[in-house]
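Asks: Before we start, here is the structure in question, set down as structure tokens.
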Amino acid sequence: MGVLHLDALLRPASVALVGASGRAGSVGAKVLANLKSAGFGGSIYPVNPRHSHLDDMRCWPDVQSLPLAPDLAVICIPAPGVPACIDALGQAGCHAAVIITAGFDERGQQALLDAARPYGLRLLGPNCLGLLVPGIGLNASFAPGSALAGQLAFISQSGAMATIVLDWANQAGIGFSHFISLGNAVDVDFGDLLDWLGSDPATSAVLVYLESVTQARKFMSSARAAARNKPVIVLKGGRSAAGQQAAQSHTGALTSSDAVYSAAFQRAGMLRVHEFADLFAAAETLARCRPIRGDRLLVLTNGGGPGVLATDLHVMAGGRMAVLGEVTVAQLRQVLPQAWSGQNPLDIVGDAEAGRYLGALEALEDCPDIDALLLLHAPTAVAGSEETAEQLLPALRALRWPVLTCWPGGIQARAARARCAAAGIAAFPAPEDAVRGLHHLLEYQRNQDALIETPSWPAEDGEIDLDRARALVQRCLSRGIRQPDTAESLELLEAFGIPAAAGLRAGDPASAADAAAQLGGPVALKLLSRDISHKSDVGGVVLDLESPQSVAEAARRMQERIANSHPEAALEGFLVQRMVRRAGSHELLAGIATDPVFGPVIVFGQGGTAVEVIADRSIGLPPLNLSLARQLIERTSVSRLLAGYRDQPPADIAAISDVLVRLACIVIELPQLAQLDINPLLAGPRGVCALDARIVLEPAAGPAGQRLAIRPYPSQLEGELRCAGQVLRVRPIRPEDEPAYRAFLARMGPEDLRMRFFGMVRALSHSELARDTQIDYDREMALVATGSGPPGTAEILGIVRTIADRANTRAEFALAVDSRLKRAGLGTALMSRMLDYCRARGLREVVGFVLRDNQPMLALARRLGFSRDAIDEDQFRVSLRLDKRHG
């Protein structure tokens, strides 16, 4: 149900406590005490048939006797009575309930949902600690204390973790906008709360303790929407691989659930941390630092030791140090003593006072090779930490890079850190803390970059033969084949444009010899058997066979060996492939695995027979584009070899990236594909070639796109329409449309802008334009009509946008058309296509808001069957029921 009635849960004006008690030590007594002591400004209604009063408060015998319907009910009665209580609350008009009670099995939890569903009543829990909203004085929990008010929201899947965090935060003076324990999350879950908190103005960042996700697409859609607005920082429990099932393929064996979670967090633009204290430290760093664009760090220090330590930590974590150019070094020489280090880290000597720091900062100001600054200060008798910080703050605030400061030490250093924090400058007690903060910034920015990528499928790629691929899959499944052999697997790759080694199938040793003669040159001989997953483990692969005779002999020996070691295995023949020799090439693994939570994932890493031992791999969620594929490659150790070293030229990274994108296309187009291994994928300076492949098929449970955690670019919505004598292309908006969208708005006159945006509009910023062009297709849609612009470009000539509510019942639309095409029918055509899309999505109603003097838009709405209602003297609300076709 999305955010429906979450205001009643997270911002209630009245609360009923069902199960209120005066018995010391009971949950009902603790919750009542918390409600009374936190300073809640609304009404509190204790409910218990055994009491007329509890302390100084009137107590009501049951829900039906309450004087009004509470916004929120807190339930802490025995489990058998909770469903009936929820039904009574729903009948009374209550919209949300926190179920602290535990002890529900699967059937009991379903009874809770069944009781709440007719009324749209939202449920938090059961088996939860409750929630706290300090800003309104609400403590609807049995936590051992209250929370301080602040701007951080915290969501926990663990009640015990919630109490630990609350106690620690109170000691540290950290406050919250919301503090929420999910419990079993039978209704309200991470996705719902991220949706609501992501747009809550009282929340600056969302912190999450998470152990599992059940609805992956809902979670990803909500997380991506929230992360576009504010930092979302995640600490996940259950990182170990204990209990993981052994997979049938190399890819499956390498795809740990926790690794997939990391890939999901990265793609959602969230920041994952691995330690409890880092949840809050990372939130503070992100709030106090400018966005970072690279990893080149400049360390400015008055002590060599701390500077060297920070340098080591940064480089060992994969970062780079800024290199100072000759001009910058010359400027530094003019302001620094002769004993300065002369390089980065920039040691300006132990007697440095604030003036020397300021001189160095001024000399560094125009250096083009710095991405971030770490300023370290060890307290000395010449320059105390607090005094130095006070004098440096104006200059630090004015710098164009993200600035991190480190003030190691005791009393003086603590005061310096406090002054920096009060001024909005990130301050740390030790070099390792500062470097960790820097890498939080870097990881967050990388994930934010991944968030705004919107991959599209190369539907017009002439190298992809979908009919051939689908026919092959259908042929296998119709014969009951779940694991196509190597020849069939390589054929599938070729159908998707992935280069594969040439080969011929042979039924017996003599036929294998004939195939070798036909191919010519040295060949590889591979066993074909659906019963043997890893052929090389059983001697089922022989390389570098020079003659047909040697091929026949190797095939006979292979038959004998397999008959002895695997008598139950059915031998279906051999695959004879021409040997592929490419100097400087690397054996890689590329494939597809299916995660039980997040669905299909793309796996990349170092390949070969020792792939599990080396365990160098990265995981990405499809769909992918070339940029995301390159990021997937860069997260592996083998990427350093692929970049070239010594006399070894770099591998063709573009070709490797293209393979990963095509694997993502396979996921989107073939719902029957459960696993795919390419091992090895030979990659070198001259491109790539798949030498071996293995596939696992399963009957499709629905369209392929439905199983993806991130909805792919909806290429099926692309089309054409005729308008004003020209053919326009209609398609969903994409991130790369930002320049064309900016130009489209620039061409609109002041009156057109007023009609579209209900007022005078300044030029939209990059972030505003990005928000409009980098959309989540799972929750909104924007169709653009494009035509020919200046040579080599396409102009946006019209755009229609709808944003659906999380219940998927109603969408609000907006429409704008280029002034040159007014009255040409473009607005009607675009709106009609959008209405068809909304009907197909299952929406019930489309609404819009139109100024009274926007007569063309009102006329268009009338032609399409919209009704209208006056909101005020300036505007109408127009609406169309989609379950009633306009005749």
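Quick note on naming: the chains in the structure tokens go A, B, ... in the order shown, residues restart at 1 in each chain, and ligands are numbered from 1 in order of appearance.
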Need the shell around Ala20 (chain A): protein/DNA/RNA residues with any atom at most 10 Å away, counting only C-alpha atoms. Skip same-chain ones fewer than 4 positions apart. Format as a list in words?
Replies: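 Those residues are Ala16, Ser26, Val27, Gly28, Ala29, Lys30, Val31, Leu32, Ala33, Tyr45, Pro46, Val47, Asn48, Pro49, Arg50, His51, Leu54, Cys59, Trp60, Val74, Ile75, Cys76 and Ile77 of chain A.
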Asks: Using DSSP secondary structure from the backbone, list all strand (DSSP E) positions within region 103-313 of chain A, as a PyMOL selection string.
Replies: chain A and resi 122-124+130-133+138-141+148-156+175-181+205-210+232-236+271-273+296-301
Asks: Within region 533-652 of chain A, find each residue whose DSSP state, derived from the backbone, is alpha helix (DSSP H), and express the selection as a ChimeraX atom specification.
Replies: /A:548-565,611-614,626-634,638-642
Asks: Write out as a PyMOL selection string which residues come within 9 Å of region 716-729 of chain A when counting only C-alpha atoms, dropping same-chain ones fewer than 3 positions away.
Replies: chain A and resi 713+732+783-788+797+821+824-826+829+833+837
Asks: Using C-alpha atoms, can you write the selected residues to a file as a short mmCIF file (atom, residue, chain, number, x, y, z; two decimals), in the first residue's frame?
Replies:
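again_5.cif, freshly written:
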```cif
data_model
loop_
_atom_site.label_atom_id
_atom_site.label_comp_id
_atom_site.auth_asym_id
_atom_site.auth_seq_id
_atom_site.Cartn_x
_atom_site.Cartn_y
_atom_site.Cartn_z
CA TYR A 713 14.21 0.70 -19.84
CA PRO A 732 10.50 7.14 -22.67
CA LEU A 783 7.23 10.13 -22.90
CA VAL A 784 9.05 12.54 -25.19
CA ALA A 785 8.38 13.27 -28.85
CA THR A 786 11.60 14.03 -30.70
CA GLY A 787 12.32 15.39 -34.14
CA SER A 788 15.34 16.46 -36.14
CA LEU A 797 9.19 18.76 -29.19
CA LEU A 821 3.67 22.73 -32.78
CA ALA A 824 -0.97 20.42 -34.48
CA GLY A 825 -2.41 17.57 -32.41
CA LEU A 826 0.87 16.64 -30.70
CA ALA A 829 -1.38 12.25 -29.42
CA ARG A 833 -0.35 7.26 -25.62
CA TYR A 837 0.22 3.12 -20.83
#
```
Asks: Neighbouring residues of region 623-630 of chain A were defined as those with any atom within 8 Å, considering only C-alpha atoms; residues of the same chain fewer than 3 positions away were excluded. Please report them as a ChimeraX atom specification.
Replies: /A:450,453-457,633-634,653-654,657-658,660-661,664-665,668,710-712
Asks: For a test of reading the model, state the distance in Å between CA of Met321 (chain A) and CA of Asn302 (chain A), rounded to one decimal.
Replies: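 Between CA of Met321 (chain A) and CA of Asn302 (chain A) the gap works out to 17.7 Å.
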Asks: Which neighbours of Asp737 (chain A) fall inside 10 Å, counting only C-alpha atoms, when residues of the same chain fewer than 4 positions from it are skipped, and could you give them as a ChimeraX atom specification?
Replies: /A:733,741-743,769-770,772-774,784,794-796
Asks: Work out how far CA of Val260 (chain A) is from CA of Gly237 (chain A), in Å to one decimal.
Replies: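 Separation between CA of Gly237 (chain A) and CA of Val260 (chain A): 13.5 Å.
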Asks: Considering only C-alpha atoms, can you say which of A:Pro306, A:Lys36, A:Ser565, A:Pro791 comes closest to Asp56 (chain A)?
Replies: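 Of A:Pro306, A:Lys36, A:Ser565, A:Pro791, the one nearest Asp56 (chain A) is A:Lys36, counting only C-alpha atoms.
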Asks: Grab the CA of Ala709 (chain A) to CA of Gly269 (chain A) distance for me, in Å with one decimal place.
Replies: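 Separation between CA of Ala709 (chain A) and CA of Gly269 (chain A): 14.2 Å.
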Asks: Can you list every residue of region 216-304 of chain A that has an atom at most 12 Å from region 417-421 of chain A, with its nearest atom pair and the distance in Å to one decimal, using only C-alpha atoms, ordered by chain then number, as a tab-separated table?
Replies:
```
residue	atom	partner	partner_atom	distance
A:Glu284	CA	A:Ala421	CA	9.1
A:Thr285	CA	A:Ala421	CA	10.1
A:Ala287	CA	A:Ala421	CA	10.6
A:Arg288	CA	A:Ala421	CA	8.2
A:Cys289	CA	A:Ala421	CA	11.2
```
Asks: Can you tell me which residues surround region 505-514 of chain A at a distance of at most 12 Å, considering only C-alpha atoms, apart from same-chain residues fewer than 5 positions away, and format the answer as a PyMOL selection string?
Replies: chain A and resi 485-488+490-491+519-520+522-529+545-560+571-577
Asks: Find the residues around region 173-185 of chain A up to 9 Å (only C-alpha atoms counted), leave out those fewer than 2 positions away in its own chain, and share them as a short mmCIF file (atom, residue, chain, number, x, y, z; two decimals) with all heavy atoms, in the first residue's frame.
Replies:
```cif
data_model
loop_
_atom_site.label_atom_id
_atom_site.label_comp_id
_atom_site.auth_asym_id
_atom_site.auth_seq_id
_atom_site.Cartn_x
_atom_site.Cartn_y
_atom_site.Cartn_z
N LEU A 10 3.35 7.89 11.39
CA LEU A 10 4.60 8.60 11.66
C LEU A 10 4.40 10.05 12.10
O LEU A 10 5.36 10.70 12.51
CB LEU A 10 5.48 8.56 10.41
CG LEU A 10 5.83 7.15 9.92
CD1 LEU A 10 6.57 7.20 8.60
CD2 LEU A 10 6.66 6.41 10.96
N ILE A 99 2.05 -3.04 16.39
CA ILE A 99 1.79 -4.30 17.09
C ILE A 99 3.08 -4.73 17.78
O ILE A 99 3.99 -5.27 17.14
CB ILE A 99 1.29 -5.39 16.13
CG1 ILE A 99 0.07 -4.89 15.33
CG2 ILE A 99 0.92 -6.65 16.91
CD1 ILE A 99 -0.39 -5.87 14.27
N ILE A 100 3.14 -4.48 19.07
CA ILE A 100 4.31 -4.87 19.85
C ILE A 100 4.24 -6.36 20.19
O ILE A 100 5.26 -7.02 20.34
CB ILE A 100 4.41 -3.99 21.11
CG1 ILE A 100 4.76 -2.55 20.68
CG2 ILE A 100 5.43 -4.53 22.08
CD1 ILE A 100 4.78 -1.55 21.80
N GLN A 109 -0.01 -14.16 11.20
CA GLN A 109 0.32 -12.90 10.52
C GLN A 109 -0.66 -12.62 9.38
O GLN A 109 -1.04 -11.47 9.15
CB GLN A 109 1.76 -12.94 10.03
CG GLN A 109 2.77 -12.96 11.17
CD GLN A 109 4.20 -12.78 10.70
OE1 GLN A 109 5.06 -12.38 11.47
NE2 GLN A 109 4.47 -13.05 9.44
N LEU A 123 -0.04 -1.52 9.41
CA LEU A 123 0.47 -2.27 10.55
C LEU A 123 1.99 -2.19 10.58
O LEU A 123 2.66 -2.52 9.61
CB LEU A 123 0.04 -3.74 10.46
CG LEU A 123 -1.46 -4.02 10.35
CD1 LEU A 123 -1.70 -5.52 10.20
CD2 LEU A 123 -2.21 -3.46 11.55
N LEU A 124 2.53 -1.77 11.72
CA LEU A 124 3.96 -1.84 11.99
C LEU A 124 4.19 -2.98 12.98
O LEU A 124 3.63 -3.00 14.05
CB LEU A 124 4.46 -0.52 12.59
CG LEU A 124 5.96 -0.47 12.94
CD1 LEU A 124 6.80 -0.56 11.68
CD2 LEU A 124 6.30 0.80 13.71
N GLY A 125 5.01 -3.94 12.60
CA GLY A 125 5.22 -5.12 13.42
C GLY A 125 4.65 -6.34 12.70
O GLY A 125 4.54 -6.35 11.47
N PRO A 126 4.23 -7.36 13.47
CA PRO A 126 4.27 -7.49 14.93
C PRO A 126 5.68 -7.76 15.43
O PRO A 126 6.64 -7.75 14.66
CB PRO A 126 3.36 -8.69 15.18
CG PRO A 126 3.53 -9.53 13.94
CD PRO A 126 3.68 -8.55 12.80
N ASN A 127 5.77 -8.01 16.75
CA ASN A 127 7.05 -8.35 17.37
C ASN A 127 8.06 -7.24 17.17
O ASN A 127 9.20 -7.48 16.78
CB ASN A 127 7.58 -9.67 16.81
CG ASN A 127 8.78 -10.19 17.57
OD1 ASN A 127 8.94 -9.87 18.75
ND2 ASN A 127 9.62 -10.95 16.90
N CYS A 128 7.65 -6.00 17.42
CA CYS A 128 8.55 -4.88 17.25
C CYS A 128 8.68 -4.09 18.55
O CYS A 128 7.86 -4.21 19.47
CB CYS A 128 8.09 -3.97 16.11
SG CYS A 128 6.63 -2.99 16.48
N LEU A 129 9.71 -3.27 18.61
CA LEU A 129 9.95 -2.41 19.77
C LEU A 129 8.99 -1.23 19.79
O LEU A 129 8.66 -0.71 20.85
CB LEU A 129 11.40 -1.91 19.73
CG LEU A 129 11.87 -1.04 20.88
CD1 LEU A 129 12.06 -1.87 22.13
CD2 LEU A 129 13.18 -0.33 20.51
N GLY A 130 8.53 -0.82 18.60
CA GLY A 130 7.67 0.35 18.49
C GLY A 130 8.36 1.45 17.70
O GLY A 130 9.32 1.20 16.96
N LEU A 131 7.89 2.68 17.84
CA LEU A 131 8.51 3.80 17.15
C LEU A 131 8.54 5.03 18.03
O LEU A 131 7.72 5.19 18.94
CB LEU A 131 7.81 4.11 15.83
CG LEU A 131 6.53 4.93 15.88
CD1 LEU A 131 6.39 5.76 14.62
CD2 LEU A 131 5.31 4.04 16.03
N LEU A 132 9.50 5.91 17.71
CA LEU A 132 9.65 7.18 18.41
C LEU A 132 9.74 8.29 17.37
O LEU A 132 10.44 8.15 16.36
CB LEU A 132 10.91 7.20 19.28
CG LEU A 132 11.02 6.16 20.41
CD1 LEU A 132 11.65 4.86 19.88
CD2 LEU A 132 11.87 6.70 21.56
N VAL A 133 9.03 9.37 17.61
CA VAL A 133 9.11 10.57 16.78
C VAL A 133 9.39 11.73 17.72
O VAL A 133 8.47 12.40 18.20
CB VAL A 133 7.82 10.81 15.97
CG1 VAL A 133 8.01 11.96 14.98
CG2 VAL A 133 7.40 9.54 15.23
N PRO A 134 10.65 12.00 18.05
CA PRO A 134 10.97 12.97 19.09
C PRO A 134 10.48 14.38 18.80
O PRO A 134 10.16 15.13 19.73
CB PRO A 134 12.51 12.92 19.13
CG PRO A 134 12.86 11.56 18.62
CD PRO A 134 11.84 11.27 17.57
N GLY A 135 10.39 14.74 17.51
CA GLY A 135 9.96 16.09 17.18
C GLY A 135 8.56 16.42 17.63
O GLY A 135 8.23 17.60 17.85
N SER A 141 6.72 3.09 22.24
CA SER A 141 7.59 1.93 22.27
C SER A 141 7.77 1.48 23.72
O SER A 141 7.37 2.17 24.65
CB SER A 141 8.97 2.28 21.68
OG SER A 141 9.73 3.01 22.63
N ALA A 147 14.30 9.23 22.78
CA ALA A 147 15.32 9.68 21.84
C ALA A 147 15.38 11.20 21.84
O ALA A 147 14.37 11.88 22.08
CB ALA A 147 15.02 9.16 20.44
N LEU A 148 16.57 11.72 21.56
CA LEU A 148 16.72 13.16 21.38
C LEU A 148 16.16 13.55 20.01
O LEU A 148 16.14 12.73 19.08
CB LEU A 148 18.19 13.55 21.46
CG LEU A 148 18.92 13.22 22.77
CD1 LEU A 148 20.40 13.53 22.64
CD2 LEU A 148 18.30 14.01 23.92
N ALA A 149 15.74 14.78 19.87
CA ALA A 149 15.24 15.27 18.58
C ALA A 149 16.43 15.59 17.68
O ALA A 149 17.46 16.09 18.13
CB ALA A 149 14.37 16.49 18.77
N GLY A 150 16.28 15.30 16.40
CA GLY A 150 17.33 15.57 15.43
C GLY A 150 16.80 15.38 14.04
O GLY A 150 15.58 15.34 13.81
N GLN A 151 17.70 15.21 13.07
CA GLN A 151 17.30 15.12 11.66
C GLN A 151 17.64 13.77 11.03
O GLN A 151 17.47 13.60 9.83
CB GLN A 151 17.95 16.24 10.85
CG GLN A 151 17.44 17.62 11.21
CD GLN A 151 18.03 18.69 10.30
OE1 GLN A 151 19.24 18.86 10.23
NE2 GLN A 151 17.17 19.39 9.59
N LEU A 152 18.12 12.82 11.82
CA LEU A 152 18.41 11.48 11.30
C LEU A 152 17.23 10.56 11.56
O LEU A 152 16.67 10.56 12.66
CB LEU A 152 19.66 10.90 11.98
CG LEU A 152 20.98 11.64 11.78
CD1 LEU A 152 22.08 10.97 12.58
CD2 LEU A 152 21.36 11.73 10.32
N ALA A 153 16.85 9.77 10.55
CA ALA A 153 15.86 8.72 10.75
C ALA A 153 16.59 7.39 10.85
O ALA A 153 17.57 7.15 10.12
CB ALA A 153 14.87 8.69 9.60
N PHE A 154 16.13 6.52 11.75
CA PHE A 154 16.74 5.22 11.92
C PHE A 154 15.67 4.15 11.83
O PHE A 154 14.64 4.22 12.50
CB PHE A 154 17.45 5.13 13.28
CG PHE A 154 18.10 3.78 13.54
CD1 PHE A 154 19.20 3.38 12.81
CD2 PHE A 154 17.60 2.93 14.51
CE1 PHE A 154 19.79 2.14 13.04
CE2 PHE A 154 18.17 1.69 14.75
CZ PHE A 154 19.28 1.30 14.01
N ILE A 155 15.90 3.16 10.95
CA ILE A 155 14.99 2.02 10.79
C ILE A 155 15.78 0.76 11.11
O ILE A 155 16.86 0.54 10.55
CB ILE A 155 14.45 1.91 9.35
CG1 ILE A 155 13.94 3.25 8.83
CG2 ILE A 155 13.35 0.86 9.26
CD1 ILE A 155 13.64 3.24 7.34
N SER A 156 15.24 -0.08 12.00
CA SER A 156 15.95 -1.29 12.39
C SER A 156 15.06 -2.51 12.22
O SER A 156 13.90 -2.50 12.61
CB SER A 156 16.41 -1.20 13.84
OG SER A 156 17.06 -2.39 14.23
N GLN A 157 15.66 -3.56 11.68
CA GLN A 157 14.96 -4.83 11.57
C GLN A 157 15.10 -5.65 12.85
O GLN A 157 14.42 -6.64 13.02
CB GLN A 157 15.52 -5.61 10.38
CG GLN A 157 14.56 -6.59 9.76
CD GLN A 157 15.03 -7.05 8.39
OE1 GLN A 157 16.18 -6.93 8.03
NE2 GLN A 157 14.11 -7.57 7.59
N SER A 158 15.98 -5.17 13.74
CA SER A 158 16.23 -5.87 14.99
C SER A 158 15.86 -4.97 16.15
O SER A 158 16.37 -3.85 16.27
CB SER A 158 17.72 -6.25 15.08
OG SER A 158 18.09 -6.53 16.41
N GLY A 159 15.00 -5.46 17.06
CA GLY A 159 14.66 -4.70 18.24
C GLY A 159 15.84 -4.53 19.17
O GLY A 159 16.03 -3.44 19.75
N ALA A 162 18.05 -1.89 17.89
CA ALA A 162 17.42 -0.58 18.09
C ALA A 162 17.69 -0.05 19.49
O ALA A 162 18.02 1.13 19.68
CB ALA A 162 15.92 -0.67 17.84
N LEU A 166 19.84 3.31 20.35
CA LEU A 166 19.20 4.39 21.10
C LEU A 166 20.03 4.78 22.32
O LEU A 166 20.26 5.97 22.58
CB LEU A 166 17.80 3.95 21.53
CG LEU A 166 16.96 4.99 22.27
CD1 LEU A 166 16.76 6.23 21.40
CD2 LEU A 166 15.62 4.38 22.66
N TRP A 168 23.26 4.27 22.79
CA TRP A 168 24.52 4.87 22.35
C TRP A 168 24.31 6.30 21.84
O TRP A 168 25.09 7.20 22.14
CB TRP A 168 25.11 4.00 21.24
CG TRP A 168 26.45 4.46 20.75
CD1 TRP A 168 27.67 4.15 21.23
CD2 TRP A 168 26.66 5.37 19.65
NE1 TRP A 168 28.65 4.78 20.51
CE2 TRP A 168 28.06 5.55 19.55
CE3 TRP A 168 25.83 6.05 18.77
CZ2 TRP A 168 28.63 6.36 18.58
CZ3 TRP A 168 26.40 6.87 17.81
CH2 TRP A 168 27.79 7.02 17.71
N ALA A 169 23.25 6.51 21.06
CA ALA A 169 22.99 7.84 20.51
C ALA A 169 22.69 8.85 21.60
O ALA A 169 23.12 10.02 21.52
CB ALA A 169 21.83 7.76 19.53
N ASN A 170 21.95 8.45 22.63
CA ASN A 170 21.67 9.37 23.72
C ASN A 170 22.96 9.80 24.42
O ASN A 170 23.13 10.98 24.77
CB ASN A 170 20.72 8.72 24.73
CG ASN A 170 19.28 8.73 24.24
OD1 ASN A 170 18.89 9.57 23.44
ND2 ASN A 170 18.48 7.79 24.71
N GLN A 171 23.87 8.86 24.62
CA GLN A 171 25.14 9.20 25.25
C GLN A 171 25.96 10.13 24.37
O GLN A 171 26.64 11.04 24.86
CB GLN A 171 25.93 7.93 25.55
CG GLN A 171 27.24 8.19 26.28
CD GLN A 171 28.02 6.91 26.51
OE1 GLN A 171 27.87 5.95 25.76
NE2 GLN A 171 28.84 6.87 27.55
N ASP A 187 3.35 -5.76 7.20
CA ASP A 187 2.76 -4.79 6.26
C ASP A 187 3.78 -3.69 5.96
O ASP A 187 4.41 -3.70 4.92
CB ASP A 187 1.48 -4.22 6.87
CG ASP A 187 0.91 -3.05 6.07
OD1 ASP A 187 1.16 -2.99 4.84
OD2 ASP A 187 0.22 -2.21 6.66
N VAL A 188 3.93 -2.74 6.85
CA VAL A 188 4.88 -1.65 6.63
C VAL A 188 6.29 -2.21 6.62
O VAL A 188 6.71 -2.90 7.56
CB VAL A 188 4.73 -0.57 7.72
CG1 VAL A 188 5.81 0.50 7.56
CG2 VAL A 188 3.35 0.06 7.68
N ASP A 189 7.03 -1.94 5.55
CA ASP A 189 8.37 -2.50 5.41
C ASP A 189 9.36 -1.41 5.05
O ASP A 189 9.04 -0.22 5.06
CB ASP A 189 8.37 -3.63 4.38
CG ASP A 189 7.92 -3.17 2.99
OD1 ASP A 189 7.81 -1.95 2.75
OD2 ASP A 189 7.67 -4.04 2.13
N PHE A 190 10.59 -1.82 4.73
CA PHE A 190 11.62 -0.85 4.39
C PHE A 190 11.19 0.03 3.24
O PHE A 190 11.42 1.25 3.25
CB PHE A 190 12.93 -1.57 4.02
CG PHE A 190 13.70 -2.08 5.19
CD1 PHE A 190 13.88 -3.44 5.39
CD2 PHE A 190 14.28 -1.21 6.10
CE1 PHE A 190 14.60 -3.92 6.46
CE2 PHE A 190 15.00 -1.68 7.18
CZ PHE A 190 15.16 -3.04 7.37
N LEU A 197 10.05 8.63 4.35
CA LEU A 197 11.15 9.40 4.92
C LEU A 197 11.98 10.09 3.85
O LEU A 197 12.57 11.14 4.10
CB LEU A 197 12.04 8.47 5.75
CG LEU A 197 11.38 7.87 7.00
CD1 LEU A 197 12.25 6.76 7.58
CD2 LEU A 197 11.12 8.96 8.05
N ALA A 202 11.78 16.93 7.53
CA ALA A 202 12.42 16.90 8.84
C ALA A 202 13.55 15.90 8.92
O ALA A 202 14.25 15.83 9.93
CB ALA A 202 11.37 16.60 9.93
N THR A 203 13.76 15.13 7.86
CA THR A 203 14.78 14.08 7.86
C THR A 203 15.88 14.42 6.86
O THR A 203 15.61 14.61 5.67
CB THR A 203 14.15 12.72 7.49
OG1 THR A 203 13.16 12.38 8.46
CG2 THR A 203 15.20 11.63 7.43
N SER A 204 17.13 14.51 7.35
CA SER A 204 18.25 14.84 6.46
C SER A 204 18.93 13.61 5.90
O SER A 204 19.55 13.66 4.84
CB SER A 204 19.28 15.70 7.21
OG SER A 204 19.82 14.97 8.31
N PHE A 280 26.64 6.57 11.95
CA PHE A 280 26.51 7.97 12.32
C PHE A 280 27.68 8.81 11.82
O PHE A 280 27.50 9.95 11.40
CB PHE A 280 26.37 8.08 13.84
CG PHE A 280 25.18 7.34 14.36
CD1 PHE A 280 25.29 6.04 14.80
CD2 PHE A 280 23.93 7.94 14.37
CE1 PHE A 280 24.19 5.34 15.26
CE2 PHE A 280 22.82 7.25 14.83
CZ PHE A 280 22.95 5.96 15.28
#
```
Asks: Considering only C-alpha atoms, state which residue in the set A:Gly521, A:Gly437, A:Pro83, A:Gly480 is at the smallest distance from Leu271 (chain A).
Replies: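 Looking at the shortest contact to Leu271 (chain A), the residue is A:Gly437.
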